[in-house]
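The file model-v3.txt contains compact mmCIF, C-alpha atoms:
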```txt
# COMPACT_ATOMS: atom_id res chain seq x y z
CA MET A 1 75.59 179.87 48.55
CA GLN A 2 75.69 182.67 46.07
CA ILE A 3 74.76 186.17 47.21
CA SER A 4 75.36 189.68 45.99
CA VAL A 5 77.50 192.03 48.10
CA ASN A 6 77.55 195.66 47.04
CA GLY A 7 76.36 194.65 43.60
CA LYS A 8 78.95 191.90 43.01
CA ALA A 9 78.37 188.14 43.12
CA HIS A 10 80.04 186.29 46.02
CA GLU A 11 80.17 182.59 46.90
CA VAL A 12 80.05 182.56 50.70
CA GLN A 13 79.76 180.17 53.63
CA ALA A 14 78.30 182.61 56.15
CA ALA A 15 74.85 181.81 57.49
CA THR A 16 74.21 185.23 59.03
CA LEU A 17 75.00 188.84 58.26
CA ALA A 18 77.40 188.99 61.22
CA THR A 19 79.42 186.00 60.02
CA LEU A 20 79.39 187.37 56.48
CA LEU A 21 81.15 190.52 57.71
CA ALA A 22 83.79 188.36 59.39
CA GLU A 23 84.17 186.20 56.29
CA LEU A 24 84.71 189.30 54.16
CA ASP A 25 87.35 190.60 56.62
CA TYR A 26 85.43 193.61 57.81
CA GLY A 27 86.40 192.71 61.38
CA ASP A 28 85.60 195.60 63.73
CA ALA A 29 85.27 198.12 60.89
CA THR A 30 82.54 200.73 61.17
CA VAL A 31 79.91 199.65 58.65
CA ALA A 32 76.20 199.96 57.99
CA THR A 33 74.25 197.07 56.52
CA ALA A 34 71.15 196.42 54.48
CA LEU A 35 69.65 193.18 53.26
CA ASN A 36 67.53 193.20 50.11
CA GLN A 37 67.33 197.01 50.36
CA ALA A 38 66.03 196.95 53.95
CA PHE A 39 68.17 198.39 56.74
CA VAL A 40 69.60 195.91 59.26
CA ARG A 41 70.90 197.51 62.46
CA ALA A 42 74.24 196.40 63.86
CA THR A 43 72.62 194.73 66.84
CA ASP A 44 70.45 192.53 64.58
CA ARG A 45 73.20 191.14 62.34
CA LYS A 46 73.80 188.02 64.42
CA THR A 47 70.19 186.98 64.05
CA THR A 48 69.80 187.97 60.41
CA ALA A 49 70.00 184.80 58.34
CA LEU A 50 71.21 184.79 54.75
CA LYS A 51 69.85 182.72 51.92
CA ASP A 52 70.85 182.07 48.35
CA GLY A 53 70.19 185.04 46.08
CA ASP A 54 70.19 187.66 48.84
CA ALA A 55 71.52 191.15 48.09
CA VAL A 56 73.64 192.66 50.85
CA GLU A 57 74.84 196.26 51.04
CA ILE A 58 77.80 197.07 53.26
CA LEU A 59 78.47 200.80 53.49
CA VAL A 60 81.24 202.71 55.22
CA PRO A 61 81.74 206.36 56.26
CA ARG A 62 82.95 208.46 53.37
CA GLN A 63 83.42 212.06 52.36
CA GLY A 64 80.22 213.95 51.71
CA GLY A 65 78.92 217.40 50.91
CA MET B 1 95.54 227.10 64.35
CA PRO B 2 91.76 227.39 64.56
CA TRP B 3 90.41 230.60 63.17
CA LYS B 4 89.60 233.23 65.78
CA SER B 5 87.04 235.91 65.06
CA SER B 6 88.21 239.44 64.49
CA CYS B 7 84.75 240.70 65.37
CA PRO B 8 85.20 243.81 67.54
CA ASP B 9 82.01 243.28 69.52
CA LYS B 10 83.05 240.31 71.62
CA ALA B 11 80.03 240.50 73.91
CA ALA B 12 77.62 240.35 71.01
CA GLU B 13 79.64 237.58 69.40
CA MET B 14 79.49 235.45 72.54
CA THR B 15 75.70 235.63 72.73
CA ASP B 16 75.08 235.32 68.99
CA THR B 17 74.81 231.58 68.93
CA LEU B 18 72.89 229.26 66.66
CA SER B 19 70.71 226.33 67.63
CA PHE B 20 69.75 223.27 65.60
CA TYR B 21 67.37 220.85 67.31
CA GLY B 22 68.41 222.10 70.73
CA GLU B 23 72.15 221.90 70.02
CA THR B 24 73.94 225.23 70.36
CA LEU B 25 76.71 226.18 67.95
CA THR B 26 78.97 229.22 67.77
CA SER B 27 80.14 228.75 64.17
CA ARG B 28 77.64 229.42 61.40
CA LEU B 29 79.67 227.60 58.77
CA LEU B 30 78.91 223.97 58.01
CA VAL B 31 81.48 222.34 55.76
CA GLY B 32 81.44 219.33 53.46
CA THR B 33 84.29 216.84 53.52
CA ALA B 34 84.45 215.79 49.85
CA LEU B 35 86.74 216.69 46.94
CA TYR B 36 89.79 217.87 48.91
CA PRO B 37 93.25 217.30 47.46
CA SER B 38 94.26 215.18 50.47
CA PRO B 39 93.04 214.11 53.92
CA ALA B 40 95.60 216.43 55.53
CA ILE B 41 94.31 219.44 53.61
CA LEU B 42 90.76 218.45 54.49
CA ALA B 43 91.65 218.41 58.19
CA ASP B 44 93.53 221.72 58.01
CA ALA B 45 90.68 223.37 56.10
CA ILE B 46 88.09 222.22 58.63
CA ARG B 47 90.22 223.61 61.45
CA ALA B 48 90.77 226.89 59.60
CA SER B 49 87.05 227.26 58.93
CA GLY B 50 86.16 227.03 62.62
CA ALA B 51 83.24 224.79 61.59
CA GLU B 52 81.67 222.71 64.33
CA VAL B 53 79.60 220.62 61.93
CA VAL B 54 80.82 218.69 58.89
CA THR B 55 78.83 216.64 56.42
CA VAL B 56 79.65 213.00 55.71
CA SER B 57 78.15 210.20 53.65
CA LEU B 58 77.89 206.43 53.41
CA ARG B 59 79.27 204.64 50.39
CA ARG B 60 80.47 201.22 49.34
CA GLU B 61 84.11 200.62 50.17
CA SER B 62 86.22 201.25 47.10
CA GLY B 63 89.48 199.39 46.60
CA ALA B 64 91.14 196.85 48.81
CA GLY B 65 92.12 199.23 51.61
CA ARG B 66 89.89 200.38 54.42
CA ALA B 67 89.52 204.00 53.27
CA GLY B 68 86.24 204.38 55.12
CA GLU B 69 87.77 203.53 58.47
CA SER B 70 90.67 205.89 57.97
CA PHE B 71 88.35 208.73 56.90
CA TRP B 72 86.10 208.17 59.90
CA SER B 73 89.08 208.19 62.22
CA LEU B 74 90.25 211.51 60.75
CA ILE B 75 86.83 213.09 61.28
CA ARG B 76 86.52 211.81 64.84
CA ASN B 77 89.92 213.27 65.68
CA LEU B 78 88.73 216.71 64.56
CA GLY B 79 86.20 216.71 67.40
CA VAL B 80 83.38 218.08 65.26
CA ARG B 81 79.74 217.11 65.04
CA VAL B 82 78.79 215.16 61.92
CA LEU B 83 75.77 215.72 59.72
CA PRO B 84 75.36 212.58 57.58
CA ASN B 85 73.69 213.05 54.21
CA THR B 86 71.55 211.01 51.87
CA ALA B 87 73.37 212.40 48.84
CA GLY B 88 72.44 210.87 45.53
CA CYS B 89 69.24 209.23 46.73
CA ARG B 90 66.46 209.51 44.18
CA THR B 91 63.56 207.83 45.91
CA VAL B 92 61.93 208.10 49.31
CA LYS B 93 62.82 204.49 50.07
CA GLU B 94 66.50 204.99 49.21
CA ALA B 95 66.69 208.13 51.30
CA VAL B 96 64.94 206.63 54.32
CA THR B 97 67.07 203.45 54.24
CA THR B 98 70.27 205.47 53.85
CA ALA B 99 69.26 207.69 56.78
CA GLU B 100 68.63 204.64 58.95
CA MET B 101 72.03 203.20 58.02
CA ALA B 102 73.68 206.54 58.73
CA ARG B 103 72.14 206.77 62.20
CA ASP B 104 73.41 203.28 62.97
CA VAL B 105 76.98 204.14 61.94
CA PHE B 106 77.37 207.76 62.99
CA GLY B 107 75.28 207.61 66.15
CA THR B 108 73.41 210.85 65.52
CA PRO B 109 69.75 211.55 64.77
CA TRP B 110 70.82 214.41 62.49
CA ILE B 111 70.36 213.77 58.78
CA LYS B 112 70.84 216.07 55.81
CA LEU B 113 68.00 214.84 53.67
CA GLU B 114 68.53 214.90 49.92
CA VAL B 115 66.07 213.40 47.48
CA ILE B 116 67.40 214.35 44.07
CA GLY B 117 64.86 214.85 41.31
CA GLU B 118 66.72 216.04 38.25
CA ASP B 119 70.16 215.30 36.78
CA ASP B 120 71.17 218.62 35.23
CA THR B 121 70.43 220.77 38.25
CA LEU B 122 70.50 218.12 41.00
CA GLN B 123 67.50 219.95 42.35
CA PRO B 124 65.46 218.26 45.04
CA ASP B 125 62.37 216.22 44.29
CA VAL B 126 60.35 218.24 46.76
CA PHE B 127 57.42 215.80 46.76
CA GLY B 128 59.66 212.92 47.77
CA LEU B 129 61.53 215.21 50.15
CA VAL B 130 58.40 216.08 52.12
CA GLU B 131 57.34 212.43 52.29
CA ALA B 132 60.76 211.25 53.42
CA ALA B 133 60.96 214.08 55.97
CA ARG B 134 57.63 213.00 57.44
CA ILE B 135 58.73 209.35 57.74
CA LEU B 136 62.10 210.21 59.26
CA SER B 137 60.79 212.83 61.68
CA ARG B 138 58.21 210.35 62.93
CA ASP B 139 61.05 207.87 63.46
CA GLY B 140 62.99 210.27 65.68
CA PHE B 141 65.37 211.84 63.16
CA ASN B 142 66.31 215.52 63.21
CA VAL B 143 65.90 216.31 59.54
CA PHE B 144 67.88 219.02 57.71
CA PRO B 145 66.08 219.08 54.32
CA TYR B 146 67.93 220.22 51.22
CA THR B 147 65.15 222.13 49.51
CA THR B 148 64.38 225.06 47.24
CA GLU B 149 63.19 228.51 48.31
CA ASP B 150 59.57 227.51 47.58
CA LEU B 151 57.48 228.74 50.53
CA VAL B 152 54.74 226.14 50.10
CA VAL B 153 57.23 223.29 50.19
CA ALA B 154 58.85 224.93 53.22
CA GLU B 155 55.52 225.01 55.05
CA LYS B 156 54.99 221.34 54.30
CA LEU B 157 58.48 220.44 55.52
CA LEU B 158 57.83 222.24 58.81
CA ALA B 159 54.49 220.44 59.13
CA ALA B 160 56.34 217.17 58.47
CA GLY B 161 58.49 217.81 61.54
CA CYS B 162 61.54 219.68 60.23
CA GLU B 163 62.88 222.40 62.54
CA VAL B 164 65.55 223.59 60.10
CA LEU B 165 65.26 224.44 56.39
CA MET B 166 68.13 224.39 53.91
CA PRO B 167 67.26 226.12 50.63
CA TRP B 168 69.75 226.06 47.81
CA GLY B 169 71.64 229.15 46.70
CA ALA B 170 72.28 227.60 43.28
CA PRO B 171 72.63 224.03 41.96
CA ILE B 172 75.12 221.84 43.81
CA GLY B 173 78.72 222.40 42.78
CA THR B 174 78.07 225.33 40.45
CA GLY B 175 79.48 228.10 42.63
CA ARG B 176 77.00 230.55 41.12
CA GLY B 177 76.03 232.11 44.43
CA LEU B 178 72.50 233.24 45.24
CA ASN B 179 70.44 232.63 42.09
CA ASN B 180 67.25 234.01 43.62
CA PRO B 181 67.96 236.60 46.31
CA TYR B 182 64.35 237.76 46.19
CA GLY B 183 63.08 234.25 46.94
CA LEU B 184 65.60 233.75 49.71
CA LYS B 185 64.70 237.13 51.22
CA ALA B 186 61.01 236.23 51.11
CA MET B 187 61.75 232.93 52.81
CA ARG B 188 63.65 234.70 55.59
CA ALA B 189 60.77 237.11 56.10
CA HIS B 190 58.18 234.34 56.02
CA PHE B 191 59.89 232.14 58.62
CA PRO B 192 61.49 234.55 61.10
CA GLY B 193 61.90 231.96 63.84
CA VAL B 194 63.12 228.98 61.80
CA PRO B 195 66.86 228.33 61.43
CA LEU B 196 67.59 228.78 57.72
CA VAL B 197 70.76 227.51 56.08
CA VAL B 198 71.80 228.29 52.52
CA ASP B 199 73.03 224.93 51.24
CA ALA B 200 74.69 224.50 47.84
CA GLY B 201 75.79 226.82 45.09
CA ILE B 202 78.00 229.12 47.15
CA GLY B 203 81.20 229.86 45.20
CA THR B 204 82.96 232.76 46.90
CA PRO B 205 83.11 234.35 50.34
CA SER B 206 81.08 237.30 49.07
CA HIS B 207 78.21 234.94 48.18
CA ALA B 208 78.22 233.66 51.74
CA ALA B 209 78.39 237.17 53.17
CA ALA B 210 75.41 238.18 51.00
CA ALA B 211 73.36 235.29 52.37
CA MET B 212 74.26 236.24 55.92
CA GLU B 213 73.29 239.86 55.21
CA LEU B 214 69.86 238.56 54.19
CA GLY B 215 69.55 237.19 57.71
CA TYR B 216 70.30 233.55 56.99
CA ASP B 217 71.48 231.68 60.05
CA ALA B 218 74.22 229.58 58.50
CA ILE B 219 75.88 228.41 55.30
CA LEU B 220 76.66 224.86 54.21
CA LEU B 221 79.26 224.54 51.48
CA ASN B 222 81.85 222.12 50.21
CA THR B 223 83.19 222.61 46.69
CA ALA B 224 84.03 226.30 47.14
CA ILE B 225 86.61 225.40 49.78
CA ALA B 226 87.70 221.97 48.54
CA LYS B 227 88.31 223.11 44.96
CA ALA B 228 89.97 226.43 45.82
CA GLY B 229 93.62 226.88 44.88
CA ASP B 230 94.39 227.00 48.60
CA PRO B 231 91.54 225.30 50.47
CA VAL B 232 92.88 226.18 53.91
CA ALA B 233 93.10 229.90 53.09
CA MET B 234 89.67 229.79 51.47
CA ALA B 235 88.21 228.15 54.57
CA LYS B 236 89.47 231.04 56.65
CA ALA B 237 88.15 233.53 54.06
CA PHE B 238 84.69 231.99 54.35
CA ALA B 239 84.81 232.18 58.14
CA LEU B 240 85.66 235.88 57.95
CA ALA B 241 82.95 236.50 55.34
CA LEU B 242 80.28 234.85 57.47
CA ASP B 243 81.39 236.89 60.44
CA ALA B 244 81.20 240.12 58.44
CA GLY B 245 77.85 239.27 56.87
CA ARG B 246 76.31 238.28 60.17
CA LEU B 247 77.57 241.37 61.95
CA GLY B 248 76.33 243.51 59.07
CA TYR B 249 72.88 241.94 59.29
CA ARG B 250 72.70 242.49 63.04
CA ALA B 251 73.90 246.07 62.65
CA GLY B 252 70.91 246.89 60.41
CA PRO B 253 71.90 247.73 56.83
CA MET B 254 70.75 251.09 55.41
CA GLU B 255 67.86 251.18 52.99
CA PRO B 256 69.02 251.54 49.38
CA ARG B 257 67.63 254.54 47.46
CA ASP B 258 67.38 255.46 43.81
CA MET B 259 68.77 258.98 43.86
CA ALA B 260 72.11 260.22 45.13
CA ALA B 261 72.27 261.88 48.53
CA PRO B 262 75.42 263.71 49.58
CA SER B 263 77.07 262.34 52.67
CA THR B 264 79.14 265.46 53.31
CA PRO B 265 77.05 268.33 54.73
CA VAL B 266 75.88 270.76 52.05
CA ILE B 267 75.61 273.68 54.47
CA GLY B 268 78.87 275.57 54.71
CA ARG B 269 80.19 274.45 51.38
CA ALA B 270 82.73 276.89 49.93
CA PHE B 271 81.96 279.07 46.93
CA THR B 272 78.19 279.04 47.47
CA GLY B 273 76.60 282.29 46.37
CA VAL B 274 79.61 283.06 44.18
CA ALA B 275 79.14 283.24 40.44
CA ARG B 276 80.96 280.39 38.73
CA ALA B 277 83.79 281.57 36.50
```
Go ahead and express the file in the form of structure tokens.
Amino acid sequence: MQISVNGKAHEVQAATLATLLAELDYGDATVATALNQAFVRATDRKTTALKDGDAVEILVPRQGG
Amino acid sequence: MPWKSSCPDKAAEMTDTLSFYGETLTSRLLVGTALYPSPAILADAIRASGAEVVTVSLRRESGAGRAGESFWSLIRNLGVRVLPNTAGCRTVKEAVTTAEMARDVFGTPWIKLEVIGEDDTLQPDVFGLVEAARILSRDGFNVFPYTTEDLVVAEKLLAAGCEVLMPWGAPIGTGRGLNNPYGLKAMRAHFPGVPLVVDAGIGTPSHAAAAMELGYDAILLNTAIAKAGDPVAMAKAFALALDAGRLGYRAGPMEPRDMAAPSTPVIGRAFTGVARA
């Protein structure tokens, strides 16, 4: 299915947010996630299903002021 | 080496601590982690500043590498507390969602809440700020709102659940210092028991010292250190300036006066009563 990840189109196989992270090689990286602009906590990723047209945000710790 | 205070009154220094949401700190300098020439200089500057709190953000990963992971590892190794921000958010929804994501990643209820309202000054949208502060406080966050020196907004932020206020000194990144000392002084007088942090606009150590002399509890800055010619030396300079300003405030500055008053005793001055040649 086709979804958007951080604003870019991706063709993915993953059925859940957790498997999407694995498919995109995030592995054990420290990330925060949102689906269609709604926050999804780390513990809910395995049960968060993806569907065609979804918009996923994957954010990481960065420098800030 | 971490900076050690040169303050002569060690006993006073030991008891002059700062508390945010029940967490006690000894350093009054909060430092941002952006814009440094390198990660190594960032780490050295943080150590030199003596800061116990640093600000961080959440962003999309840029490039193929895992820069986020390496940055987060660097910060964790410094052993400091993190204050995640909602920098760049322009709506209540964006700010609240970013705060939720930050709590999930950084494992702290602390959030530096920014809701930006205007591009040229990056000044806060105080209406959105109050609304977001209310939502986040209700959800268990400890909100550090980036605000202006407006007393009415400050009252509303406190009513929304904030226990710390962070008025700007000047627009973010300008280094112009304290644009409105009168307003900041009024804010200090109006909220004597609320921890107040000057956040943004500080350019030089003297700006920070001036804020501390007004009785502000702490300073949050980033660009002034990161963009200095020698960020590590500037970090130490800021630590010294905060120490001096704080000690000066506690010592009770003299009242300024309009007319000159001699400091050397007038009585006993030579040549009195003698006609001038």
Residues within 10 Å of B:Gln123, all atoms listed in the file, excluding chain neighbours under 3 positions, as a list in words: Glu114, Val115, Ile116, Gly117, Glu118, Asp119, Asp120, Val126, Tyr146, Thr147, Thr148, Trp168, Ala170, Pro171 and Ile172 of chain B
For a quick test of understanding: name the residues of chain A lying within 9 Å of chain B when counting all atoms listed in the file, and present them as a VMD selection string. chain A and resid 6 26 29 to 34 37 to 42 57 to 65
Coordinates-based distance that separates atom CA of B:Glu163 from atom CA of B:Asn142 (Å, one decimal):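 That distance, rounded to one decimal, is 7.7 Å.
Between atom CA of B:Pro167 and atom CA of B:Lys236 the separation is 23.5 Å.
Closest approach to A:Val5 among A:Lys46, A:Glu23, A:Asp28, A:Val56 is made by A:Val56 (distances from all atoms listed in the file).
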